[in-house]
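Please read the structure below before turning to the comments.
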Amino acid sequence: MQSPVSSIGERSRAADARGPLTALFESMRPDLLRFAQWLARDRSIAEDIVQEALLRAWRSRDALKDPAAARAWLLTIVRREHARLYERRRLELVSLDDALEIPDATATTGADAELLTLRYAIMKLPIEYREPLVMQVLGGFSTEEIARELELTNTAVLTRLFRARHKLRGLCGASAAPGTAPEEQPA
């Protein structure tokens, strides 16, 4: 039988071992929340997603072998938790045309209008282009991490990112990027 003193010492050592992991998870919370908010488009839902994701991560913390991989691991958990949210409930169906309409640009000015236009343009992208773009820009994933998560080759990810940016330029009315050949215009 263990003495109470030795069990207190063991609990103290266990708490010390969990301390760095807890600090690591908490330091990544703002990034996780930003990513979840982008996915859910609602702050309160994003907070719920992050809370549940951190709870899942904590329960399976032994699966995290390399703390350097924690960011990608946690972002993946957030992404999957967001997907679970929609598995659990039936959403009200709306017309896609109604959902994608851009509100009157006169309501916002300057940088806000440009940001709003960009957000709507990103949402108009097909999912196969939008997902890797959001993962790279908002999630900070590398090409290799995106390829692993989406089960694609690195080349496929690079192609999708290129096409996503090209389509965004077209949707936002910007000219072609420097160094790219202009598309032929019909006469």
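We label chains A, B, ... in the order they appear in the structure tokens, count residues from 1 in each chain, and number ligands from 1 in the order shown.
When the distance limit is 10 Å and only C-alpha atoms are what count, the residues near range 35-47 of chain A, minus those fewer than 5 positions from it on the same chain, are Arg29, Pro30, Glu52, Ala53, Leu75, Val78, Arg79, Glu81, His82, Ala83, Leu85, Arg119, Glu131, Val134, Met135, Val137, Leu138, Gly139 and Gly140 of chain A.
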_With distances taken over only C-alpha atoms, which residue among A:Trp73, A:Tyr129, A:Phe25, A:Tyr120 lies nearest Leu158 in chain A?_
A:Tyr129
_Nearest-residue call for Leu33 in chain A, choices A:Ala156, A:Leu21, A:Leu54, A:Leu171, using only C-alpha atoms_ = A:Leu54
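As for CA of Lys124 in chain A and CA of Leu168 in chain A, they are spaced 8.9 Å apart.
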